[in-house]
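Have a look at the structure below before the remarks.
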Amino acid sequence: MDSRVPQAFGCWPEVQDKMINPEKAEEAKLKARYPNLGNKPGGSDLLRKRLQKGQKYFDSGDYNMAKAKIKNKQLPTAAAPEKTEITGDHIPTPQDLPQRKPSLVASKLAG
Amino acid sequence: MAGVAGGNDFQWCFSQVKGAIDEDVAEADIISTVEFNYSGELLATGDKGGRVVIFQHEQESKNRPHLRGEYNVYSTFQSHEPEFDYLKSLEIEEKINKIRWLPQQNAAHFLLSTNDKTIKLWKISERDKRAEGYNLKYEDGRLIDPFRITSLRVPVLMPMDLMVEASPRRIFANAHTYHINSISVNSDHETYLSADDLRINLWHLEITDRSFNIVDIKPANMEELTEVITAAECHPHQCNVFVYSSSKGTIRLCDMRAAALCDRHSKFFEEPEDPSSRSFFSEIISSISDVKFSHSGRYMMTRDYLSVKVWDLNMENRPVETYQVHEYLRSKLCSLYENDCIFDKFECCWNGSDSAIMTGSYNNFFRMFDRNTRRDITLEASRESSKPRATLKPRKVSTGGKRKKDEISVDSLDFNKKILHTAWHPKENVIAVAATNNLYIFQDKIN
């Protein structure tokens, strides 16, 4: 290498490497943002995360409550303005109770 | 384009699009698998909500002979429901990971559908007749008082409106500790394999209470885990051969005649890597997301994050063809790692004659490669280009500084619009492309 290379280029082979290899440049970017990355064998961490995909719940009660919350959110909003909250004002009639969403909704591909 | 000998120059036109148009996509509507049956008459889709929708190819109408028939809904049913694994306190998603058709042997159609844990064999049958004139009940179902019956008659079969029924015939459960990523029907039409992250099981279609474990890569100490199984497939003609791919970019071919437990491969396919170009991302992007044998059985194709490779089964040390799907993403790996897109699992497929291959990309783009002419094309599945019989315009992603008109820059790509699942009709130039919650069907223009 020419000894008159300007000092600004510093470690020439590294810069050259990143220019030729965009992957290495991206790796440098990532390491700059997350300095602790790759300290443990990255392979097994990622793999372990992959093996246990899926949301973990505390127990089945926790799971059922989470499911119920999602179902309530998906209830048709048209029903909401008409049904006011019934809290002991009067004995509820079937029309007063919120509609139970049918548990199986057909796919929109078949619509 | 037209008139080239061999007819491999396709002119893809929009045919149909299925699914809702609204921007708000419900998670359950996201399509998770697409598969034609052996004749191409039926097209099945599975979604995250555990539902299967089957479309049937209508016969070409005599009035409009220039149109190939359309695919219309044939049957739809709820295949899997969400479950809860009490021992691990984990939810078992109802998402359909794969659908595989069985070859048709009688009037009914059979398919296998699987979620993370359970595989089900479904029978789809038609009913177009019903019996009328029962002795013991009226037509509306009410029972006739037996003492009122003075004569006997034989019920007759009368035509009725076609009804398509789907019923679960077998449920293959409790054989996988980890998440099922593949199922593949064997050419013997009696057995099939199912693969999860660490194990592959061989089933008999008639037997649900047991299966043979044929591959087990689980290490005694899980800390030593270095790779997982990502896909598996049976050879299309040799019922003793299957392959499985790994997260390290390797493929192993196994022969079931060699041993009951195929932990030792018969062939090991790996492309040598240049150690100087190795980076943090190298292993992640080399992970194979799909492996598919060619129809001929001579080749297999693998999809990793940035490319599709065609391997000759007779040559283990490198692929015979490599196609870049979206090489421009190599300089975006850092952000693709941060938004998890780098872990997206794209599938790939062959056309019926093995002369072309197709795979998906981002921004609702999908790519096709002609193996003979080495030409490739990028097309888009979008509502904008969905006019009836409109020819699809090739798309181009600009990588340099100068962006030509009609090109789209890498930074403008929508990484939420991913085409992970595509399927090619086994005999005709008809393709099905799943774009999130929409299913697009494109056809080659008949000249």
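We name chains A, B, ... following the order of the structure tokens; residues begin at 1 in each chain, and ligands are numbered from 1 as shown.
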
Query raised in the report: For chain B, which residues have at least one atom within 6 Å of chain A, if we go by only C-alpha atoms? Write them as an MDAnalysis selection string, please.
Result: chainID B and resid 18:19 73 89:90 225:226 279 331 334

Requested in this report: Within 8 Å of Ile30 in chain B, counting only C-alpha atoms, which residues show up once you throw out same-chain ones fewer than 2 positions away? Write them as a PyMOL selection string, please.
Outcome: chain B and resi 25-28+32+47-49+436-438

Please write the residues from the selection above to a file, keeping C-alpha atoms, as a PDB file, in the first residue's frame.
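Produced file out-v2.pdb, reproduced below:
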```pdb
ATOM      1  CA  VAL B  25     -56.945  -6.388   8.215  1.00  0.00           C
ATOM      2  CA  ALA B  26     -58.163  -8.716  10.945  1.00  0.00           C
ATOM      3  CA  GLU B  27     -55.379 -11.029  12.075  1.00  0.00           C
ATOM      4  CA  ALA B  28     -57.576 -14.071  11.505  1.00  0.00           C
ATOM      5  CA  SER B  32     -51.120 -18.662   5.811  1.00  0.00           C
ATOM      6  CA  ASP B  47     -55.671 -18.665   7.325  1.00  0.00           C
ATOM      7  CA  LYS B  48     -54.576 -17.551  10.765  1.00  0.00           C
ATOM      8  CA  GLY B  49     -58.105 -18.002  12.049  1.00  0.00           C
ATOM      9  CA  THR B 436     -51.846 -10.781   3.395  1.00  0.00           C
ATOM     10  CA  ASN B 437     -55.639 -11.221   3.459  1.00  0.00           C
ATOM     11  CA  ASN B 438     -56.255 -11.232  -0.279  1.00  0.00           C
TER      12      ASN B 438
END
```

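Here the question is which of B:Ile288, B:Leu392, B:Ala432, B:Ile441 gets nearest to Thr33 in chain B using only C-alpha atoms, and that residue is B:Ala432.
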
Query raised in the report: Residues of range 90-137 of chain B in strand (DSSP E) according to DSSP, as a count of residues only?
Result: 27

Report task. Considering only C-alpha atoms, return as a PyMOL selection string whatever protein or nucleic-acid residues lie within 9 Å of Glu93 in chain B, sequence-local ones (same chain, fewer than 6 positions apart) excluded. Result -> (chain A and resi 54) or (chain B and resi 48-50+80-84+115-117)

Query raised in the report: If we count only C-alpha atoms, what is near Ser79 in chain B at a cut-off of 12 Å, once residues fewer than 4 positions away on the same chain are taken out, given as a PyMOL selection string?
Result: (chain A and resi 104+106-107) or (chain B and resi 45-54+75+93-99+111-115+118-123+166-171)

Query raised in the report: Between CA of Pro394 in chain B and CA of Asp354 in chain B, what is the distance, to one decimal in Å?
Result: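 A separation of 22.0 Å between them.
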